[in-house]
Each structure stands twice: as structure tokens, then as C-alpha cells.
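Next up, final19.txt (compact mmCIF, C-alpha atoms):
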# COMPACT_ATOMS: atom_id res chain seq x y z
CA MET A 1 0.00 0.00 0.00
CA SER A 2 1.41 3.39 -0.96
CA PRO A 3 1.78 6.01 1.81
CA PRO A 4 -0.90 8.72 2.01
CA GLU A 5 -0.38 12.00 0.23
CA LEU A 6 1.55 14.27 2.58
CA GLU A 7 1.80 18.05 2.68
CA VAL A 8 4.25 20.00 4.83
CA VAL A 9 3.20 23.59 5.49
CA GLU A 10 5.97 25.86 6.75
CA TYR A 11 4.73 28.99 8.53
CA THR A 12 7.60 31.42 8.32
CA ASP A 13 8.82 34.94 7.65
CA PRO A 14 11.97 35.93 5.73
CA LEU A 15 13.07 38.20 8.59
CA CYS A 16 12.28 35.98 11.62
CA PRO A 17 15.30 35.07 13.81
CA TRP A 18 13.81 31.78 15.04
CA ALA A 19 13.01 30.75 11.46
CA TRP A 20 16.61 31.60 10.52
CA GLY A 21 17.85 29.45 13.37
CA SER A 22 15.65 26.55 12.23
CA GLU A 23 17.12 26.44 8.73
CA PRO A 24 19.62 23.63 9.46
CA VAL A 25 16.80 21.30 10.52
CA PHE A 26 14.41 22.42 7.78
CA ARG A 27 17.06 22.08 5.08
CA ARG A 28 17.81 18.55 6.27
CA LEU A 29 14.11 17.68 6.34
CA ARG A 30 13.43 19.14 2.88
CA THR A 31 16.39 17.23 1.48
CA ALA A 32 15.31 13.97 3.11
CA LEU A 33 11.75 14.32 1.77
CA ASP A 34 12.66 15.84 -1.59
CA GLY A 35 10.26 14.73 -4.34
CA ARG A 36 8.11 12.69 -1.94
CA VAL A 37 5.95 15.38 -0.32
CA SER A 38 4.39 18.71 -1.17
CA TRP A 39 6.18 21.49 0.77
CA ARG A 40 4.40 24.84 0.94
CA ARG A 41 5.63 28.03 2.59
CA VAL A 42 3.18 30.45 4.16
CA PHE A 43 4.61 33.93 4.73
CA CYS A 44 3.06 35.10 7.99
CA ILE A 45 4.23 38.76 8.08
CA LEU A 46 6.10 39.11 11.37
CA PHE A 47 6.53 42.87 10.92
CA ASP A 48 3.10 43.99 9.81
CA ALA A 49 2.02 47.16 8.02
CA ASP A 50 -0.13 48.34 10.93
CA ASP A 51 2.60 48.00 13.57
CA ASP A 52 3.27 51.32 15.30
CA PRO A 53 6.68 52.84 14.51
CA PRO A 54 9.05 52.89 17.50
CA PRO A 55 9.24 56.22 19.36
CA ASP A 56 13.02 55.79 19.63
CA PRO A 57 14.39 53.83 16.64
CA ALA A 58 17.93 53.67 18.04
CA ALA A 59 16.75 52.22 21.34
CA GLU A 60 14.46 49.80 19.53
CA THR A 61 17.35 48.64 17.35
CA ALA A 62 19.61 48.13 20.36
CA TRP A 63 16.90 46.12 22.13
CA TYR A 64 16.21 43.99 19.07
CA ALA A 65 19.91 43.33 18.50
CA ARG A 66 20.13 41.94 22.04
CA TYR A 67 16.98 39.88 21.40
CA VAL A 68 18.52 38.35 18.27
CA GLU A 69 21.77 37.74 20.16
CA ASP A 70 19.84 35.83 22.84
CA ILE A 71 18.13 33.69 20.18
CA THR A 72 21.38 32.90 18.39
CA ALA A 73 22.87 31.78 21.70
CA HIS A 74 20.37 28.91 21.48
CA THR A 75 20.37 28.28 17.72
CA ARG A 76 24.04 29.13 17.02
CA ALA A 77 22.89 30.76 13.78
CA PRO A 78 24.95 33.72 12.58
CA ARG A 79 23.97 37.21 13.56
CA ALA A 80 25.14 40.46 12.04
CA ALA A 81 28.09 42.17 13.72
CA ARG A 82 25.99 45.33 13.66
CA LEU A 83 22.24 45.62 13.12
CA GLY A 84 21.42 48.77 11.20
CA ARG A 85 17.74 48.93 12.16
CA VAL A 86 14.69 46.87 12.99
CA ALA A 87 12.74 45.86 9.88
CA ALA A 88 9.91 48.26 9.13
CA SER A 89 7.82 45.62 7.34
CA SER A 90 7.90 41.97 6.25
CA TRP A 91 5.59 42.61 3.30
CA PRO A 92 8.27 43.50 0.70
CA ALA A 93 10.48 40.48 1.46
CA SER A 94 7.45 38.20 1.53
CA LEU A 95 6.20 39.50 -1.83
CA VAL A 96 9.64 38.95 -3.39
CA ALA A 97 9.97 35.48 -1.83
CA LYS A 98 6.50 34.53 -3.10
CA ALA A 99 7.25 35.92 -6.56
CA ALA A 100 10.47 33.89 -6.71
CA GLN A 101 8.46 30.68 -6.40
CA ARG A 102 7.29 31.26 -9.99
CA GLN A 103 10.87 30.56 -11.12
CA GLY A 104 11.15 27.13 -9.51
CA GLY A 105 11.96 25.64 -6.15
CA ASP A 106 15.74 26.02 -6.24
CA VAL A 107 15.56 29.70 -7.19
CA ALA A 108 12.88 30.32 -4.55
CA ASP A 109 15.01 28.66 -1.86
CA ARG A 110 18.04 30.76 -2.77
CA VAL A 111 16.08 34.01 -2.92
CA LEU A 112 14.57 33.35 0.51
CA ARG A 113 18.03 32.55 1.82
CA ARG A 114 19.37 35.89 0.58
CA LEU A 115 16.46 37.71 2.20
CA ARG A 116 17.21 36.03 5.52
CA GLU A 117 20.90 36.86 5.18
CA SER A 118 20.09 40.53 4.54
CA VAL A 119 19.28 40.98 8.21
CA PHE A 120 21.14 38.17 9.99
CA VAL A 121 24.43 38.42 8.08
CA LEU A 122 24.48 41.93 6.62
CA GLY A 123 22.47 43.67 9.35
CA GLU A 124 20.37 45.59 6.82
CA PRO A 125 16.91 44.00 6.58
CA ALA A 126 15.34 43.81 3.14
CA ASP A 127 12.28 45.73 4.27
CA THR A 128 11.52 47.62 1.06
CA VAL A 129 10.80 46.16 -2.35
CA GLU A 130 13.95 47.79 -3.72
CA LEU A 131 16.13 46.26 -1.00
CA ALA A 132 14.48 42.86 -1.35
CA LEU A 133 15.01 42.83 -5.10
CA ALA A 134 18.62 43.96 -4.65
CA ALA A 135 19.27 41.18 -2.11
CA ALA A 136 18.11 38.60 -4.65
CA ALA A 137 19.53 40.18 -7.79
CA ASP A 138 22.56 37.92 -8.32
CA VAL A 139 20.99 34.60 -7.34
CA PRO A 140 22.11 32.01 -9.95
CA GLY A 141 19.34 31.06 -12.33
CA LEU A 142 17.16 34.01 -11.35
CA ASP A 143 15.55 36.30 -13.93
CA PRO A 144 15.66 39.57 -11.93
CA ALA A 145 13.49 41.49 -14.40
CA ARG A 146 10.77 38.87 -14.13
CA LEU A 147 11.10 38.85 -10.34
CA SER A 148 10.54 42.61 -10.23
CA VAL A 149 7.43 42.35 -12.40
CA ASP A 150 6.01 39.38 -10.50
CA ALA A 151 6.62 40.95 -7.08
CA ALA A 152 4.46 43.90 -8.13
CA CYS A 153 1.62 41.90 -9.68
CA ALA A 154 -1.87 41.62 -8.19
CA GLU A 155 -1.82 37.81 -8.02
CA VAL A 156 1.33 37.65 -5.86
CA LEU A 157 -0.15 40.28 -3.56
CA ARG A 158 -3.33 38.21 -3.32
CA GLN A 159 -1.28 35.12 -2.43
CA VAL A 160 0.65 36.87 0.34
CA ARG A 161 -2.56 38.35 1.72
CA ALA A 162 -3.96 34.80 1.76
CA ASP A 163 -0.82 33.65 3.63
CA HIS A 164 -1.29 36.47 6.14
CA ALA A 165 -4.88 35.35 6.76
CA GLU A 166 -4.03 31.63 6.93
CA ALA A 167 -1.34 32.29 9.53
CA ARG A 168 -4.00 33.87 11.73
CA ARG A 169 -6.11 30.72 11.75
CA PRO A 170 -3.86 28.40 13.78
CA VAL A 171 -4.96 24.88 14.64
CA PRO A 172 -6.17 24.54 18.25
CA GLU A 173 -3.18 22.42 19.32
CA VAL A 174 -0.78 25.39 19.12
CA ARG A 175 -2.84 27.74 21.28
CA SER A 176 -1.09 26.32 24.35
CA VAL A 177 2.24 24.52 23.96
CA ARG A 178 4.55 23.10 26.59
CA GLY A 179 8.02 21.70 26.27
CA GLY A 180 11.66 22.14 27.08
CA SER A 181 12.48 24.25 24.02
CA PRO A 182 13.55 27.87 24.63
CA HIS A 183 10.95 28.67 21.96
CA PRO A 184 8.11 26.13 22.34
CA GLY A 185 6.01 27.94 19.75
CA ALA A 186 2.64 28.71 21.32
CA ALA A 187 0.46 30.79 18.99
CA LYS A 188 0.91 34.54 19.40
CA GLU A 189 -1.95 36.79 20.39
CA THR A 190 -2.83 39.47 17.86
CA GLY A 191 -5.37 42.27 17.85
CA GLY A 192 -7.90 40.02 16.17
CA GLY A 193 -7.04 36.64 17.68
CA HIS A 194 -3.92 34.48 17.22
CA ARG A 195 -1.30 33.64 14.62
CA TYR A 196 1.18 30.82 14.37
CA ALA A 197 4.45 31.35 16.19
CA LEU A 198 7.37 31.25 13.78
CA PRO A 199 8.41 28.86 12.62
CA THR A 200 5.69 26.21 12.79
CA LEU A 201 5.43 23.13 10.59
CA LEU A 202 2.06 21.55 9.95
CA VAL A 203 2.43 18.02 8.59
CA ARG A 204 -0.83 16.75 7.17
CA THR A 205 -2.62 14.20 5.05
CA PRO A 206 -6.19 14.56 3.75
CA ALA A 207 -7.37 12.83 6.94
CA GLN A 208 -5.21 14.14 9.80
CA TYR A 209 -2.36 16.45 10.79
CA ARG A 210 0.43 17.04 13.29
CA ALA A 211 1.63 20.50 14.32
CA VAL A 212 5.28 20.98 15.32
CA PRO A 213 5.67 24.58 16.52
CA GLY A 214 8.67 26.63 17.56
CA TRP A 215 12.33 25.63 17.60
CA ARG A 216 12.57 21.82 17.65
CA PRO A 217 15.11 19.08 16.95
CA PHE A 218 15.01 17.17 13.68
CA GLU A 219 13.67 14.06 15.40
CA GLU A 220 10.36 15.74 16.30
CA TYR A 221 9.67 16.62 12.66
CA ALA A 222 10.71 13.15 11.50
CA GLU A 223 8.39 11.60 14.09
CA ALA A 224 5.44 13.69 12.84
CA VAL A 225 6.08 12.50 9.29
CA ALA A 226 6.45 8.88 10.38
CA GLU A 227 3.20 8.98 12.37
CA LEU A 228 1.15 10.14 9.40
CA ALA A 229 2.98 8.35 6.61
CA PRO A 230 5.34 5.60 7.83
CA GLY A 231 6.49 4.87 4.30
CA LEU A 232 7.78 8.43 4.00
CA ALA A 233 10.07 8.38 7.02
CA PRO A 234 12.86 10.89 6.26
CA ALA A 235 15.94 9.20 4.87
CA ARG A 236 19.41 9.92 6.22
CA VAL A 237 21.17 12.10 3.68
CA ARG A 238 24.68 13.28 4.58
CA PRO A 239 26.72 14.35 1.54
CA THR A 240 30.39 15.24 1.63
CA PRO A 241 31.28 18.84 2.55
CA ALA A 242 32.02 19.67 -1.09
CA GLN A 243 28.69 18.20 -2.21
CA ALA A 244 26.79 20.07 0.50
CA LEU A 245 28.41 23.38 -0.41
CA GLU A 246 27.70 22.75 -4.10
CA ARG A 247 24.04 22.09 -3.35
CA TYR A 248 23.29 24.77 -0.76
CA ARG A 249 25.83 27.44 -1.79
CA SER A 250 25.67 29.05 1.66
CA LEU A 251 26.13 27.16 4.94
CA THR A 252 26.21 28.25 8.55
CA GLU A 253 28.20 26.34 11.15
CA PRO A 254 25.09 24.49 12.47
CA GLU A 255 24.16 23.63 8.88
CA ARG A 256 27.54 22.26 7.94
CA TRP A 257 27.43 19.93 10.96
CA MET A 258 23.89 18.79 10.17
CA LEU A 259 24.06 18.64 6.38
CA ALA A 260 27.57 17.38 5.64
CA GLU A 261 29.88 14.62 6.80
CA GLY A 262 33.64 14.76 6.49
CA PRO A 263 36.61 17.08 7.02
CA TRP A 264 35.74 20.78 6.93
CA PRO A 265 36.16 23.16 5.16
CA PRO A 266 36.13 21.81 1.62
CA ALA A 267 38.67 23.18 -0.82
CA GLN A 268 37.84 26.66 -2.09
CA ALA A 269 35.13 27.31 0.50
CA VAL A 270 34.96 31.02 1.25
CA ARG A 271 34.60 32.06 4.86
CA VAL A 272 32.70 35.24 5.73
CA ASP A 273 32.85 36.28 9.37
CA THR A 274 29.70 37.44 11.13
CA GLY A 275 29.05 38.69 14.65
CA ASN A 276 29.34 35.22 16.16
CA GLY A 277 30.97 32.87 13.70
CA PRO A 278 31.50 32.12 10.03
CA LEU A 279 29.20 31.79 7.06
CA TRP A 280 30.63 29.45 4.41
CA LEU A 281 30.03 30.21 0.73
CA HIS A 282 30.61 28.27 -2.44
CA PRO A 283 33.17 30.21 -4.53
CA ASP A 284 30.59 30.94 -7.24
CA GLU A 285 28.21 32.25 -4.58
CA ALA A 286 30.97 34.32 -2.99
CA ALA A 287 31.64 35.98 -6.33
CA VAL A 288 28.19 37.60 -6.26
CA HIS A 289 27.15 37.49 -2.58
CA PRO A 290 26.92 40.94 -0.94
CA ALA A 291 28.48 39.67 2.30
CA ALA A 292 31.62 38.46 0.53
CA ARG A 293 31.87 41.61 -1.55
CA ARG A 294 31.65 44.06 1.31
CA GLY A 295 33.33 42.34 4.25
CA PRO A 296 36.64 40.64 5.03
CA SER A 297 36.70 36.97 4.21
CA SER A 298 39.22 34.21 3.82
CA THR A 299 39.41 31.31 1.44
CA ARG A 300 40.51 27.93 2.70

Please render this file's structure as C-alpha cells.
Amino acid sequence: MSPPELEVVEYTDPLCPWAWGSEPVFRRLRTALDGRVSWRRVFCILFDADDDPPPDPAAETAWYARYVEDITAHTRAPRAARLGRVAASSWPASLVAKAAQRQGGDVADRVLRRLRESVFVLGEPADTVELALAAAADVPGLDPARLSVDAACAEVLRQVRADHAEARRPVPEVRSVRGGSPHPGAAKETGGGHRYALPTLLVRTPAQYRAVPGWRPFEEYAEAVAELAPGLAPARVRPTPAQALERYRSLTEPERWMLAEGPWPPAQAVRVDTGNGPLWLHPDEAAVHPAARRGPSSTR
């Protein structure tokens, strides 16, 4: 008997620090399930258009930089050496990330990655359409002119508005969440109700679902998949460092431990230092990546 049809819904935001810290696990899970499930991203809009502007932007930025530093102490994800400002809005990055999906999964993944790196590596969040398009401009395989047109079209706006609404209809199980995680992922209260905490994965078949909210180990996601579709249990995929860098183009320290197996770094890997550790780039990625172009790096 074939396993039931499985969908993984990822509730996320391009500028969310917990979502950034979950990328090692999510990359491993996507790789292990590649071609066997439907994986859909819902952009939840962490920084919304109706949020009040801070009365003291400098103080708000200093507070948020400490907040991100506290999160990265748990996730070990890179953080920018200096945060220029708190993002004014998640809408532009979400529109660009959604528009990139029209150019295929690999391009969409790389565009979203650049949008995340704009704030957590460069310290300058892609919180305008111009900045979001610039962050993605040199992604290999991307048609930047098409991305610009698609990001401004009515259908992409409709899709992101639908994401915004879907994120504010969380399943009951995430209204109250307990657990040992520093970010267990209980739904957040909003002016009109609740929205999913970021990130949250909803693993579902036509008949049932499992919600895995917050920052969790790989095993909890794998268990949710196995419960609903035992025949789709995530396979162990651990390429060599060179293969991992070729596939992902950009790897954090937690990612290289989770996604590769063997002596590190691979030949020609380009190291870019951040506020708390290196980001590793494929040489072709380093040739066009804004972090490698503007900051000191070393090749090993």
C-alpha cells in the first residue's frame, strides 16, 4: 500500500530570527523528503504594516539586537556584527519570496536565503521592495526582471494576503504549547485573535495532521512525518562537505554539521565572518554574494 499523500506547510517569515535558526533542521528535512511530499511556505508577516513605529528607533534597534543575540545563543545561527535597524515591514520580502516561487523551487530557496541573510548576516533587513530585489539580484538562475514584475503583480499580492490570513487561523493544538524548548512555539496573540508562532510546521494528510511549533530538533519533525505516513520516514542524507556546499551554496556552522559529513572546510570554501561565527560560501556564490563583496573573508 502506498503512503498517504503528505503536505508540509511551513509557517515562516523571511526576517524571523527563530526561522533563521531553524534552517539547518528544515534544510535537512526538505532534502530527506525531496520529491516525496508537497512542501508549501506560508509567509506570515512578522513585521506587519499596521505596527506602530518605535518612538526611539535607536533604542528599539539596540533592544532587538540583544533579542537576536539571545536567540542565536540557542540556535548558534549567525547574527550580524551590527544591526542597522529593525525591519519596518515583512511585506516587501514576503512578496519577493513569493514571486520567486514562480521561477522554480531552487531559485525560490536561494532568494529566501538571501532575504534572511540581509538581516542576519548583513544587518540591513530587506524591508523595502527595492532592498528585497537587490538582495536577490545575483541569485544564480534568477531572472531579476521577471522577479521585479512578479513581485508587483496583483496575483502575488493576493497570495501573500492569503498567507497572512491563513497564519491567523492556527490549529487549536498550538494555542497552548509546553516543552523544554527555549521557543516552544505557542500561537501569538494578535489584535484580532492568534497567529502561528514562527516557525511552525504543519504536517498533514487529507485525513489528519500534526503540528510541530517553535524551535525543535530534527527528530520531532521526523516523528510527525512517520506517524502520518510511515512509508515516508525521512531518509538519512549526509553528503560530503564539497557536495553540501555545491548544493546549498551558503552554509552556517550548524548547517555544515547537520548537512555534511567529512573534514571541513572543503577546498575553495569562502569564509565570511559574522558577529558570532562564520558563514561558508561556495566560490561561485561568494563571487556575487553581498556579504563576501563588502566584508573581510578568507578562502581555505

Item checked: One-decimal distance in Å that lies between atom CA of A:Phe47 and atom CA of A:Arg168 ->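 Rounded to one decimal, the two atoms are 13.9 Å apart.
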
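If you measure from each of A:Gln101, A:Thr72, A:Ser176, A:Ser250 to A:His289 using only C-alpha atoms, the closest one turns out to be A:Ser250.
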
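Between atom CA of A:Arg66 and atom CA of A:Leu201 lies a distance of 26.5 Å.
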
Next item on the list: Name all residues at most 12 Å from A:Pro265 (count all atoms listed in the file; drop same-chain ones fewer than 6 positions away) and give them as a VMD selection string.
Entry: chain A and resid 240 to 245 251 to 253 256 to 257 271 278 to 282 298 to 300

Please write out, as JSON, where the centre of an axis-aligned box around all listed atoms of stretch 232-243 of chain A lies and how long its edges are, in Å to one decimal, after adding 6 Å on each side.
{"center_x": 19.9, "center_y": 14.0, "center_z": 2.4, "size_x": 36.2, "size_y": 23.3, "size_z": 21.2}

Note to self: Restricting the calculation to all atoms listed in the file: of A:Ala126, A:Val272, A:Ile45, A:Val203, which residue gets closest to A:Arg161?
What the structure shows: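 Ranking A:Ala126, A:Val272, A:Ile45, A:Val203 by distance to A:Arg161, first place goes to A:Ile45.
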
Note to self: List the spatial neighbours of A:Tyr221 as a PyMOL selection string - criterion: any atom at most 12 Å away, only C-alpha atoms, same-chain residues fewer than 3 positions off excluded.
What the structure shows: chain A and resi 8-10+22+25-30+32-33+200-204+210-218+224-228+233-234

Check: Which of these residues is nearest to A:Pro14, using all atoms listed in the file: A:Asp127, A:Trp39, A:Gly104, A:Ala62?
Finding: A:Asp127
